[in-house]
Number of protein chains: 2
Amino acid sequence: MNIDGKTALYLVVGDPIAQVKSPGLYTDWCVAHGVNAVFVPFQIDATEGAQVFDALRHVPNLGGLIVTIPFKPLAADQCQVLSPRARAAGAANVIRPIGDGQWAGDALDGVGCVAALRARDTEIRGTTVQLVGAGGAGASVAAALAEAGAARLAVDDLDAGRAADLASRLRREFPGVEASTGRLDPQEVTIFVNASPAGMAEGDPLPISPDAFGPGKLLVEMIMQPARTRLLEAAEAAGGAVVPGREVLDGQVAETLRFFNLS
Amino acid sequence: MNIDGKTALYLVVGDPIAQVKSPGLYTDWCVAHGVNAVFVPFQIDATEGAQVFDALRHVPNLGGLIVTIPFKPLAADQCQVLSPRARAAGAANVIRPIGDGQWAGDALDGVGCVAALRARDTEIRGTTVQLVGAGGAGASVAAALAEAGAARLAVDDLDAGRAADLASRLRREFPGVEASTGRLDPQEVTIFVNASPAGMAEGDPLPISPDAFGPGKLLVEMIMQPARTRLLEAAEAAGGAVVPGREVLDGQVAETLRFFNLS
């Protein structure tokens, strides 16, 4: 790649930052497509997010930000223009400047899930969704499914307040969805989403009972490491369909490039 | 190159920024030497320098800054540790973090000049220097020559106040040098330095009279575009030695890599 003074700069911001893969992923895409832009890791001390975000408004060659933990809620607060799904999620994971020091933000963690479901002709409109885990990624998936026409959506989280806040924001932004907290009767659920960390470590308990799965039921597993969780295997064994974390990410990449007007 | 979450980030800051060549130059060096670091252009609105510099203290994966117009004096102010030559120049063009949010700065625009002179066995100690142009680059060259042992140094600039300030800082930081303002008798001068912009455009007047040159006299021409200025040709025609701007830059690159602990 040839970096010069006209190269557009995209920052991947988070704390910590060493684990992120997106700088290489998006930079490689730009190189392959002849786009003069570079994505670099940009760690920000967790307590100084607001100061640094403010300063970045004064960097004219900044093409945009990809935002990761713990800055997604702050990123939403910093945007003057926010998509309904980002408002519903209460979080933004992408930001682009729109002139006059103003920023537009979106929550794209969840759109990859919708893209993956559409790619396999799964109808989202009218479905009943059980979300487990209301953190940044879970909130974004819930918002994307609500936007895509889910009829009912129950949010379960160990932090009951966080679940209630998300359900409330979903109702406000997407009045067509019946959003509640806690667990629905599994028989009524069409799409299960695991956006909790349960399943990342070997001995984790299953976040959803395997009895819930079966033909006609779908599991979206947001965990990427390991690629195949016990939950995902249980859903398949019961005859259900699954969308693994990797597929969710792939859908998100295309949407992110579009958001930045790079593709 | 493979950018990942562990890539050290170096910013080339200035306003404007589209003209800078250093991001590619240094990034290519890192790729060729297997160093996981990237240099990117980072434009900062000229009026917002202090705010953005402050914020950059909270970016832990920042390896350093290369500073260009108009931020070199501000960069010096922002450093907790400054080399004598940067103090004398009143400007820093490189900054590296040294922990606890503190920065060390140096003025390396001029060291390439000293390196180029040493490479051709030109003795600097005891010389008499006529500097024309007391901006950031000129100040840095004057400081580097004073540090290398020049005995007398006269600073000429259209802005008499700027010339007087530089001469005063040179005397303070390097008491061994006799620093003054204005022009010396050309017969007494060993090294002429053109750090003024005169010579960048076609019809510019010569900033130093061609009569000043001759055998045993040396001209350092800081202008790089065009590679051969009329002044440089006049000095050569008179039988004097010349150091073109490109050679000054080459010497600076090696010193910059050392400053960042990359080589």
# chains A, B, ... in the order shown; residues from 1 in each chain; ligands from 1

$ residues_around --residues "Ser209 in chain A" --least-positions-apart "4" --cutoff "10 Å" --atoms "only C-alpha atoms" --output "count of residues only"
6

$ interface_residues --of "chain B" --to "chain A" --cutoff "12 Å" --atoms "only C-alpha atoms" --output "mmCIF file with N, CA and C atoms, in the first residue's frame"
data_model
loop_
_atom_site.group_PDB
_atom_site.id
_atom_site.type_symbol
_atom_site.label_atom_id
_atom_site.label_comp_id
_atom_site.auth_asym_id
_atom_site.auth_seq_id
_atom_site.Cartn_x
_atom_site.Cartn_y
_atom_site.Cartn_z
ATOM 1 N N MET B 1 1.861 -4.757 3.831
ATOM 2 C CA MET B 1 1.982 -4.593 5.275
ATOM 3 C C MET B 1 0.752 -5.157 5.979
ATOM 4 N N ASN B 2 0.943 -5.587 7.205
ATOM 5 C CA ASN B 2 -0.155 -6.174 7.969
ATOM 6 C C ASN B 2 -0.440 -5.327 9.192
ATOM 7 N N ILE B 3 -1.486 -4.513 9.105
ATOM 8 C CA ILE B 3 -1.872 -3.701 10.247
ATOM 9 C C ILE B 3 -2.746 -4.558 11.155
ATOM 10 N N ASP B 4 -2.445 -4.573 12.442
ATOM 11 C CA ASP B 4 -3.304 -5.288 13.384
ATOM 12 C C ASP B 4 -3.457 -4.436 14.642
ATOM 13 N N GLY B 5 -4.038 -5.017 15.668
ATOM 14 C CA GLY B 5 -4.321 -4.252 16.879
ATOM 15 C C GLY B 5 -3.077 -3.854 17.640
ATOM 16 N N LYS B 6 -1.951 -4.478 17.318
ATOM 17 C CA LYS B 6 -0.693 -4.182 18.036
ATOM 18 C C LYS B 6 0.197 -3.215 17.252
ATOM 19 N N THR B 7 -0.258 -2.766 16.100
ATOM 20 C CA THR B 7 0.541 -1.854 15.275
ATOM 21 C C THR B 7 0.739 -0.508 15.994
ATOM 22 N N ALA B 8 1.986 -0.091 16.116
ATOM 23 C CA ALA B 8 2.256 1.219 16.728
ATOM 24 C C ALA B 8 1.912 2.309 15.725
ATOM 25 N N LEU B 9 1.316 3.368 16.236
ATOM 26 C CA LEU B 9 0.781 4.420 15.373
ATOM 27 C C LEU B 9 1.633 5.683 15.482
ATOM 28 N N TYR B 10 2.074 6.180 14.332
ATOM 29 C CA TYR B 10 2.812 7.440 14.265
ATOM 30 C C TYR B 10 2.010 8.404 13.389
ATOM 31 N N LEU B 11 1.796 9.592 13.903
ATOM 32 C CA LEU B 11 1.002 10.573 13.172
ATOM 33 C C LEU B 11 1.891 11.673 12.612
ATOM 34 N N VAL B 12 1.658 12.032 11.362
ATOM 35 C CA VAL B 12 2.318 13.183 10.760
ATOM 36 C C VAL B 12 1.297 14.316 10.812
ATOM 37 N N VAL B 13 1.529 15.292 11.697
ATOM 38 C CA VAL B 13 0.522 16.335 11.928
ATOM 39 C C VAL B 13 0.924 17.647 11.272
ATOM 40 N N GLY B 14 -0.057 18.293 10.670
ATOM 41 C CA GLY B 14 0.167 19.570 10.018
ATOM 42 C C GLY B 14 -1.146 20.090 9.471
ATOM 43 N N ASP B 15 -1.105 21.297 8.923
ATOM 44 C CA ASP B 15 -2.282 21.879 8.286
ATOM 45 C C ASP B 15 -1.807 22.905 7.283
ATOM 46 N N PRO B 16 -1.892 22.647 5.970
ATOM 47 C CA PRO B 16 -2.492 21.460 5.344
ATOM 48 C C PRO B 16 -1.621 20.215 5.513
ATOM 49 N N ILE B 17 -2.100 19.072 4.957
ATOM 50 C CA ILE B 17 -1.358 17.826 5.126
ATOM 51 C C ILE B 17 -1.154 17.080 3.804
ATOM 52 N N ALA B 18 -1.938 17.436 2.779
ATOM 53 C CA ALA B 18 -1.934 16.638 1.541
ATOM 54 C C ALA B 18 -0.555 16.566 0.891
ATOM 55 N N GLN B 19 0.326 17.557 1.179
ATOM 56 C CA GLN B 19 1.615 17.624 0.500
ATOM 57 C C GLN B 19 2.697 16.751 1.145
ATOM 58 N N VAL B 20 2.442 16.211 2.355
ATOM 59 C CA VAL B 20 3.525 15.518 3.072
ATOM 60 C C VAL B 20 3.885 14.188 2.417
ATOM 61 N N LYS B 21 5.195 13.895 2.441
ATOM 62 C CA LYS B 21 5.696 12.650 1.870
ATOM 63 C C LYS B 21 6.111 11.664 2.972
ATOM 64 N N SER B 22 6.276 12.162 4.190
ATOM 65 C CA SER B 22 6.856 11.323 5.239
ATOM 66 C C SER B 22 6.011 10.109 5.606
ATOM 67 N N PRO B 23 4.663 10.146 5.563
ATOM 68 C CA PRO B 23 3.928 8.927 5.949
ATOM 69 C C PRO B 23 4.352 7.714 5.117
ATOM 70 N N GLY B 24 4.441 7.887 3.811
ATOM 71 C CA GLY B 24 4.837 6.775 2.954
ATOM 72 C C GLY B 24 6.292 6.380 3.160
ATOM 73 N N LEU B 25 7.147 7.396 3.257
ATOM 74 C CA LEU B 25 8.590 7.157 3.432
ATOM 75 C C LEU B 25 8.858 6.289 4.661
ATOM 76 N N TYR B 26 8.302 6.682 5.801
ATOM 77 C CA TYR B 26 8.581 5.953 7.050
ATOM 78 C C TYR B 26 7.816 4.634 7.133
ATOM 79 N N THR B 27 6.583 4.605 6.617
ATOM 80 C CA THR B 27 5.842 3.335 6.624
ATOM 81 C C THR B 27 6.566 2.308 5.767
ATOM 82 N N ASP B 28 7.033 2.731 4.600
ATOM 83 C CA ASP B 28 7.768 1.803 3.734
ATOM 84 C C ASP B 28 9.009 1.275 4.445
ATOM 85 N N TRP B 29 9.692 2.150 5.180
ATOM 86 C CA TRP B 29 10.879 1.707 5.920
ATOM 87 C C TRP B 29 10.490 0.629 6.932
ATOM 88 N N VAL B 31 7.900 -1.414 6.887
ATOM 89 C CA VAL B 31 7.549 -2.656 6.189
ATOM 90 C C VAL B 31 8.830 -3.391 5.783
ATOM 91 N N ASN B 36 6.448 -3.418 13.190
ATOM 92 C CA ASN B 36 4.987 -3.297 13.179
ATOM 93 C C ASN B 36 4.568 -1.883 13.599
ATOM 94 N N ALA B 37 4.677 -0.970 12.650
ATOM 95 C CA ALA B 37 4.338 0.433 12.903
ATOM 96 C C ALA B 37 3.862 1.049 11.596
ATOM 97 N N VAL B 38 3.014 2.066 11.713
ATOM 98 C CA VAL B 38 2.514 2.743 10.522
ATOM 99 C C VAL B 38 2.531 4.253 10.771
ATOM 100 N N PHE B 39 2.887 4.995 9.746
ATOM 101 C CA PHE B 39 2.891 6.468 9.792
ATOM 102 C C PHE B 39 1.752 6.962 8.912
ATOM 103 N N VAL B 40 0.863 7.758 9.476
ATOM 104 C CA VAL B 40 -0.300 8.229 8.718
ATOM 105 C C VAL B 40 -0.431 9.747 8.806
ATOM 106 N N PRO B 41 -0.990 10.359 7.745
ATOM 107 C CA PRO B 41 -1.220 11.813 7.785
ATOM 108 C C PRO B 41 -2.364 12.118 8.736
ATOM 109 N N PHE B 42 -2.215 13.149 9.547
ATOM 110 C CA PHE B 42 -3.215 13.501 10.564
ATOM 111 C C PHE B 42 -3.318 15.013 10.566
ATOM 112 N N GLN B 43 -4.267 15.502 9.784
ATOM 113 C CA GLN B 43 -4.448 16.948 9.679
ATOM 114 C C GLN B 43 -5.157 17.463 10.930
ATOM 115 N N ILE B 44 -4.721 18.606 11.425
ATOM 116 C CA ILE B 44 -5.363 19.230 12.583
ATOM 117 C C ILE B 44 -5.709 20.662 12.191
ATOM 118 N N ASP B 45 -6.947 21.078 12.452
ATOM 119 C CA ASP B 45 -7.311 22.473 12.166
ATOM 120 C C ASP B 45 -6.332 23.392 12.892
ATOM 121 N N ALA B 46 -5.762 24.338 12.147
ATOM 122 C CA ALA B 46 -4.657 25.150 12.664
ATOM 123 C C ALA B 46 -4.982 25.800 14.005
ATOM 124 N N THR B 47 -6.239 26.208 14.198
ATOM 125 C CA THR B 47 -6.595 26.915 15.430
ATOM 126 C C THR B 47 -6.837 25.974 16.603
ATOM 127 N N GLU B 48 -6.864 24.672 16.361
ATOM 128 C CA GLU B 48 -7.236 23.723 17.416
ATOM 129 C C GLU B 48 -6.072 22.850 17.865
ATOM 130 N N GLY B 49 -4.851 23.285 17.519
ATOM 131 C CA GLY B 49 -3.688 22.457 17.809
ATOM 132 C C GLY B 49 -3.575 22.048 19.270
ATOM 133 N N ALA B 50 -3.710 23.007 20.177
ATOM 134 C CA ALA B 50 -3.483 22.703 21.597
ATOM 135 C C ALA B 50 -4.471 21.652 22.090
ATOM 136 N N GLN B 51 -5.744 21.801 21.700
ATOM 137 C CA GLN B 51 -6.756 20.838 22.154
ATOM 138 C C GLN B 51 -6.441 19.426 21.658
ATOM 139 N N VAL B 52 -6.059 19.332 20.392
ATOM 140 C CA VAL B 52 -5.816 18.005 19.826
ATOM 141 C C VAL B 52 -4.528 17.403 20.401
ATOM 142 N N PHE B 53 -3.485 18.209 20.548
ATOM 143 C CA PHE B 53 -2.256 17.696 21.165
ATOM 144 C C PHE B 53 -2.550 17.171 22.575
ATOM 145 N N ASP B 54 -3.336 17.924 23.344
ATOM 146 C CA ASP B 54 -3.698 17.472 24.689
ATOM 147 C C ASP B 54 -4.368 16.102 24.653
ATOM 148 N N ALA B 55 -5.320 15.962 23.739
ATOM 149 C CA ALA B 55 -6.062 14.703 23.647
ATOM 150 C C ALA B 55 -5.145 13.535 23.287
ATOM 151 N N LEU B 56 -4.141 13.811 22.462
ATOM 152 C CA LEU B 56 -3.262 12.724 22.004
ATOM 153 C C LEU B 56 -2.412 12.138 23.137
ATOM 154 N N ARG B 57 -2.367 12.819 24.270
ATOM 155 C CA ARG B 57 -1.683 12.229 25.436
ATOM 156 C C ARG B 57 -2.425 11.013 25.961
ATOM 157 N N HIS B 58 -3.685 10.853 25.571
ATOM 158 C CA HIS B 58 -4.506 9.759 26.082
ATOM 159 C C HIS B 58 -4.683 8.651 25.056
ATOM 160 N N VAL B 59 -3.700 8.524 24.165
ATOM 161 C CA VAL B 59 -3.730 7.485 23.135
ATOM 162 C C VAL B 59 -2.513 6.579 23.357
ATOM 163 N N PRO B 60 -2.708 5.497 24.144
ATOM 164 C CA PRO B 60 -1.543 4.698 24.570
ATOM 165 C C PRO B 60 -0.776 4.008 23.443
ATOM 166 N N ASN B 61 -1.406 3.728 22.310
ATOM 167 C CA ASN B 61 -0.633 3.074 21.243
ATOM 168 C C ASN B 61 0.006 4.068 20.269
ATOM 169 N N LEU B 62 0.035 5.342 20.670
ATOM 170 C CA LEU B 62 0.706 6.356 19.853
ATOM 171 C C LEU B 62 2.221 6.222 20.032
ATOM 172 N N GLY B 63 2.909 5.919 18.933
ATOM 173 C CA GLY B 63 4.360 5.790 19.004
ATOM 174 C C GLY B 63 5.059 7.140 18.967
ATOM 175 N N GLY B 101 1.928 10.375 30.403
ATOM 176 C CA GLY B 101 1.371 11.466 29.608
ATOM 177 C C GLY B 101 2.395 12.532 29.238
#

$ calpha_fit_and_write --fixed "chain A" --moving "chain B" --output "short mmCIF file (atom, residue, chain, number, x, y, z; two decimals) with C-alpha atoms, in the first residue's frame"
data_model
loop_
_atom_site.label_atom_id
_atom_site.label_comp_id
_atom_site.auth_asym_id
_atom_site.auth_seq_id
_atom_site.Cartn_x
_atom_site.Cartn_y
_atom_site.Cartn_z
CA MET B 1 0.02 -0.06 0.02
CA ASN B 2 1.15 3.51 -0.54
CA ILE B 3 0.35 5.86 2.31
CA ASP B 4 0.74 9.52 1.39
CA GLY B 5 -0.52 12.89 2.57
CA LYS B 6 -3.89 12.36 0.87
CA THR B 7 -4.61 8.99 2.51
CA ALA B 8 -7.95 9.04 4.33
CA LEU B 9 -7.61 7.94 7.93
CA TYR B 10 -10.01 5.59 9.71
CA LEU B 11 -9.49 4.87 13.39
CA VAL B 12 -10.56 1.73 15.22
CA VAL B 13 -11.09 3.01 18.77
CA GLY B 14 -11.37 0.93 21.90
CA ASP B 15 -9.70 0.06 25.19
CA PRO B 16 -8.02 -2.40 25.09
CA ILE B 17 -7.20 -2.48 21.37
CA ALA B 18 -4.60 -5.22 20.81
CA GLN B 19 -7.31 -7.82 20.08
CA VAL B 20 -9.03 -6.01 17.18
CA LYS B 21 -8.90 -7.53 13.71
CA SER B 22 -10.75 -4.81 11.79
CA PRO B 23 -7.75 -2.53 11.00
CA GLY B 24 -6.14 -5.22 8.86
CA LEU B 25 -9.44 -6.46 7.42
CA TYR B 26 -10.54 -3.05 6.14
CA THR B 27 -7.07 -1.82 5.13
CA ASP B 28 -6.58 -4.96 3.06
CA TRP B 29 -9.94 -4.33 1.39
CA CYS B 30 -8.89 -0.75 0.52
CA VAL B 31 -5.56 -1.94 -0.92
CA ALA B 32 -7.31 -4.63 -2.99
CA HIS B 33 -9.80 -2.08 -4.34
CA GLY B 34 -7.38 0.79 -4.99
CA VAL B 35 -8.94 3.02 -2.31
CA ASN B 36 -6.47 5.47 -0.71
CA ALA B 37 -7.48 4.88 2.90
CA VAL B 38 -6.01 3.16 5.93
CA PHE B 39 -7.61 1.74 9.09
CA VAL B 40 -5.42 1.85 12.19
CA PRO B 41 -5.87 0.82 15.84
CA PHE B 42 -6.33 3.87 18.09
CA GLN B 43 -6.49 3.04 21.77
CA ILE B 44 -8.10 5.63 24.03
CA ASP B 45 -7.83 5.55 27.83
CA ALA B 46 -11.29 4.42 28.92
CA THR B 47 -11.82 7.41 31.22
CA GLU B 48 -10.82 9.98 28.58
CA GLY B 49 -13.19 9.03 25.79
CA ALA B 50 -15.18 12.26 25.68
CA GLN B 51 -12.08 14.47 25.53
CA VAL B 52 -10.50 12.46 22.73
CA PHE B 53 -13.73 12.19 20.71
CA ASP B 54 -14.12 15.97 20.98
CA ALA B 55 -10.59 16.51 19.70
CA LEU B 56 -11.14 14.18 16.75
CA ARG B 57 -13.71 16.64 15.37
CA HIS B 58 -10.73 18.83 14.47
CA VAL B 59 -8.99 16.26 12.27
CA PRO B 60 -10.11 17.06 8.71
CA ASN B 61 -8.58 13.98 7.05
CA LEU B 62 -10.44 11.63 9.40
CA GLY B 63 -12.63 9.41 7.25
CA GLY B 64 -14.43 7.80 10.17
CA LEU B 65 -14.32 5.71 13.30
CA ILE B 66 -15.05 2.09 14.06
CA VAL B 67 -15.94 1.99 17.74
CA THR B 68 -15.56 -0.95 20.06
CA ILE B 69 -15.76 -1.62 23.81
CA PRO B 70 -16.17 0.46 25.98
CA PHE B 71 -16.97 3.47 23.78
CA LYS B 72 -20.14 2.47 21.89
CA PRO B 73 -22.64 4.27 24.18
CA LEU B 74 -20.39 7.37 24.26
CA ALA B 75 -20.10 7.24 20.47
CA ALA B 76 -23.89 7.40 20.18
CA ASP B 77 -23.96 10.43 22.50
CA GLN B 78 -21.32 12.17 20.37
CA CYS B 79 -23.29 11.94 17.12
CA GLN B 80 -25.48 14.77 15.88
CA VAL B 81 -27.21 12.37 13.48
CA LEU B 82 -28.04 8.83 14.58
CA SER B 83 -29.93 6.05 12.80
CA PRO B 84 -33.11 4.78 14.48
CA ARG B 85 -31.42 1.45 15.15
CA ALA B 86 -28.49 3.20 16.84
CA ARG B 87 -30.91 5.24 18.93
CA ALA B 88 -32.75 2.04 19.85
CA ALA B 89 -29.48 0.28 20.69
CA GLY B 90 -28.21 3.29 22.65
CA ALA B 91 -24.88 2.60 21.00
CA ALA B 92 -22.99 3.38 17.81
CA ASN B 93 -20.15 1.31 16.41
CA VAL B 94 -19.44 3.44 13.32
CA ILE B 95 -19.14 7.21 12.96
CA ARG B 96 -18.45 9.36 9.93
CA PRO B 97 -17.97 13.14 9.76
CA ILE B 98 -20.72 14.98 7.87
CA GLY B 99 -19.22 18.49 7.90
CA ASP B 100 -19.10 21.43 10.33
CA GLY B 101 -17.63 19.17 13.02
CA GLN B 102 -20.81 17.06 13.07
CA TRP B 103 -20.90 13.27 13.09
CA ALA B 104 -23.35 10.64 11.87
CA GLY B 105 -23.47 7.30 13.65
CA ASP B 106 -24.98 3.89 13.13
CA ALA B 107 -25.11 0.54 14.94
CA LEU B 108 -23.98 -2.07 12.46
CA ASP B 109 -23.12 -4.94 14.83
CA GLY B 110 -26.61 -6.26 14.26
CA VAL B 111 -27.19 -5.64 10.57
CA GLY B 112 -24.88 -8.50 9.69
CA CYS B 113 -27.30 -10.77 11.51
CA VAL B 114 -30.19 -9.50 9.40
CA ALA B 115 -28.10 -9.81 6.22
CA ALA B 116 -27.21 -13.40 7.12
CA LEU B 117 -30.87 -14.27 7.74
CA ARG B 118 -31.96 -12.66 4.46
CA ALA B 119 -29.19 -14.48 2.60
CA ARG B 120 -30.82 -17.76 3.66
CA ASP B 121 -34.35 -16.50 2.91
CA THR B 122 -35.35 -16.48 6.56
CA GLU B 123 -38.36 -14.22 7.04
CA ILE B 124 -37.84 -11.78 9.93
CA ARG B 125 -41.14 -9.93 9.66
CA GLY B 126 -43.57 -11.23 12.25
CA THR B 127 -41.06 -13.37 14.14
CA THR B 128 -40.71 -13.68 17.89
CA VAL B 129 -37.16 -13.09 19.13
CA GLN B 130 -35.53 -14.07 22.40
CA LEU B 131 -32.38 -12.00 23.01
CA VAL B 132 -29.97 -13.13 25.73
CA GLY B 133 -27.46 -10.38 26.57
CA ALA B 134 -28.25 -6.67 26.28
CA GLY B 135 -24.71 -5.28 25.90
CA GLY B 136 -23.60 -3.29 22.84
CA ALA B 137 -23.73 -6.18 20.37
CA GLY B 138 -26.99 -7.60 21.73
CA ALA B 139 -28.64 -4.18 21.68
CA SER B 140 -27.55 -3.68 18.10
CA VAL B 141 -28.92 -7.08 17.01
CA ALA B 142 -32.22 -6.40 18.77
CA ALA B 143 -32.51 -3.02 17.07
CA ALA B 144 -31.72 -4.47 13.66
CA LEU B 145 -34.29 -7.27 14.08
CA ALA B 146 -36.92 -4.79 15.31
CA GLU B 147 -36.20 -2.57 12.29
CA ALA B 148 -36.53 -5.60 10.01
CA GLY B 149 -40.03 -6.25 11.32
CA ALA B 150 -39.81 -8.66 14.25
CA ALA B 151 -43.22 -8.70 15.97
CA ARG B 152 -42.14 -9.57 19.52
CA LEU B 153 -38.78 -9.24 21.18
CA ALA B 154 -37.86 -10.25 24.73
CA VAL B 155 -34.62 -8.97 26.25
CA ASP B 156 -32.96 -10.97 28.98
CA ASP B 157 -29.86 -9.80 30.79
CA LEU B 158 -28.26 -10.45 34.17
CA ASP B 159 -28.54 -6.67 34.64
CA ALA B 160 -32.34 -6.22 34.74
CA GLY B 161 -32.02 -2.45 34.46
CA ARG B 162 -30.03 -2.75 31.27
CA ALA B 163 -32.63 -5.11 29.79
CA ALA B 164 -35.48 -2.75 30.73
CA ASP B 165 -33.69 0.25 29.21
CA LEU B 166 -33.17 -1.56 25.94
CA ALA B 167 -36.77 -2.78 25.77
CA SER B 168 -37.95 0.76 26.42
CA ARG B 169 -35.74 2.25 23.68
CA LEU B 170 -36.90 -0.45 21.24
CA ARG B 171 -40.56 0.39 21.89
CA ARG B 172 -39.86 4.10 21.43
CA GLU B 173 -37.93 3.77 18.16
CA PHE B 174 -39.91 0.89 16.67
CA PRO B 175 -43.52 1.16 17.90
CA GLY B 176 -44.45 -1.87 15.78
CA VAL B 177 -42.48 -4.26 17.98
CA GLU B 178 -43.77 -5.67 21.23
CA ALA B 179 -40.64 -5.42 23.36
CA SER B 180 -40.49 -6.92 26.84
CA THR B 181 -37.91 -8.15 29.33
CA GLY B 182 -37.08 -11.60 30.62
CA ARG B 183 -37.75 -14.92 28.94
CA LEU B 184 -40.64 -15.92 26.72
CA ASP B 185 -42.03 -19.44 26.56
CA PRO B 186 -39.45 -21.10 24.24
CA GLN B 187 -42.30 -22.68 22.26
CA GLU B 188 -43.35 -19.20 21.09
CA VAL B 189 -39.85 -18.12 20.02
CA THR B 190 -38.74 -18.26 16.37
CA ILE B 191 -35.26 -16.72 16.66
CA PHE B 192 -32.92 -17.08 19.64
CA VAL B 193 -29.94 -14.73 19.84
CA ASN B 194 -27.05 -15.40 22.21
CA ALA B 195 -25.28 -12.07 22.69
CA SER B 196 -24.09 -12.98 26.18
CA PRO B 197 -20.49 -14.04 26.79
CA ALA B 198 -21.63 -17.50 27.98
CA GLY B 199 -19.90 -19.98 25.70
CA MET B 200 -16.57 -18.19 25.27
CA ALA B 201 -14.94 -20.24 28.02
CA GLU B 202 -14.85 -24.01 28.17
CA GLY B 203 -16.98 -24.64 31.27
CA ASP B 204 -19.61 -21.92 30.71
CA PRO B 205 -23.22 -22.95 31.33
CA LEU B 206 -25.51 -22.93 28.28
CA PRO B 207 -27.27 -19.52 28.15
CA ILE B 208 -30.36 -21.11 26.54
CA SER B 209 -31.75 -24.56 27.39
CA PRO B 210 -31.15 -27.06 24.56
CA ASP B 211 -34.81 -28.10 24.89
CA ALA B 212 -35.74 -24.77 23.31
CA PHE B 213 -34.34 -25.73 19.92
CA GLY B 214 -35.82 -27.86 17.17
CA PRO B 215 -36.93 -27.78 13.53
CA GLY B 216 -38.16 -24.32 12.53
CA LYS B 217 -36.22 -22.66 15.34
CA LEU B 218 -33.15 -20.56 14.61
CA LEU B 219 -30.14 -19.69 16.77
CA VAL B 220 -27.94 -16.65 16.09
CA GLU B 221 -24.72 -17.21 18.06
CA MET B 222 -22.74 -13.95 18.33
CA ILE B 223 -19.66 -15.63 19.84
CA MET B 224 -16.84 -16.04 17.32
CA GLN B 225 -14.23 -17.66 19.53
CA PRO B 226 -14.74 -20.61 19.64
CA ALA B 227 -16.25 -20.80 16.15
CA ARG B 228 -18.56 -23.61 17.29
CA THR B 229 -19.96 -23.17 20.78
CA ARG B 230 -21.73 -25.93 22.71
CA LEU B 231 -24.94 -23.94 22.30
CA LEU B 232 -24.58 -23.88 18.53
CA GLU B 233 -23.97 -27.62 18.48
CA ALA B 234 -27.00 -28.21 20.67
CA ALA B 235 -29.23 -26.19 18.35
CA GLU B 236 -28.02 -28.09 15.31
CA ALA B 237 -28.37 -31.46 17.07
CA ALA B 238 -32.01 -30.60 17.80
CA GLY B 239 -32.64 -30.01 14.09
CA GLY B 240 -32.64 -26.21 14.19
CA ALA B 241 -30.87 -23.72 11.92
CA VAL B 242 -27.89 -21.67 13.11
CA VAL B 243 -26.12 -18.45 12.14
CA PRO B 244 -22.56 -18.49 13.56
CA GLY B 245 -20.77 -15.33 14.70
CA ARG B 246 -18.46 -15.31 11.71
CA GLU B 247 -21.40 -14.98 9.34
CA VAL B 248 -22.78 -12.07 11.36
CA LEU B 249 -19.39 -10.35 11.05
CA ASP B 250 -19.18 -10.91 7.30
CA GLY B 251 -22.52 -9.20 6.73
CA GLN B 252 -21.39 -6.33 8.90
CA VAL B 253 -18.24 -5.71 6.85
CA ALA B 254 -20.20 -4.98 3.67
CA GLU B 255 -22.53 -2.61 5.55
CA THR B 256 -19.58 -0.84 7.19
CA LEU B 257 -17.87 -0.19 3.84
CA ARG B 258 -21.14 1.22 2.52
CA PHE B 259 -21.57 3.42 5.60
CA PHE B 260 -18.12 4.95 4.96
CA ASN B 261 -18.95 5.40 1.25
CA LEU B 262 -15.97 3.21 0.38
CA SER B 263 -17.94 0.64 -1.63
#

$ select_by_dssp --residues "range 82-259 of chain A" --states "alpha helix (DSSP H)" --output "ChimeraX atom specification"
/A:84-89,111-119,136-147,160-173,230-237,245-259

$ select_by_dssp --residues "range 31-89 of chain A" --states "strand (DSSP E)" --output "PyMOL selection string"
chain A and resi 37-43+62-67+81-82

$ decode --residues "range 70-75 of chain A" --atoms "N, CA, C and O atoms" --output "compact mmCIF listing (two decimals), in the first residue's frame"
# COMPACT_ATOMS: atom_id res chain seq x y z
N PRO A 70 -14.80 0.25 25.32
CA PRO A 70 -16.07 0.55 25.99
C PRO A 70 -16.76 1.81 25.46
O PRO A 70 -17.55 2.41 26.19
N PHE A 71 -16.48 2.21 24.23
CA PHE A 71 -16.89 3.55 23.79
C PHE A 71 -18.19 3.61 22.98
O PHE A 71 -18.55 4.69 22.49
N LYS A 72 -18.90 2.48 22.79
CA LYS A 72 -20.08 2.52 21.92
C LYS A 72 -21.20 3.42 22.44
O LYS A 72 -21.79 4.17 21.65
N PRO A 73 -21.52 3.38 23.73
CA PRO A 73 -22.57 4.32 24.21
C PRO A 73 -22.11 5.78 24.07
O PRO A 73 -22.87 6.64 23.61
N LEU A 74 -20.86 6.07 24.43
CA LEU A 74 -20.32 7.42 24.28
C LEU A 74 -20.38 7.86 22.82
O LEU A 74 -20.74 9.01 22.50
N ALA A 75 -20.04 6.95 21.91
CA ALA A 75 -20.05 7.27 20.48
C ALA A 75 -21.45 7.71 20.04
O ALA A 75 -21.60 8.65 19.26
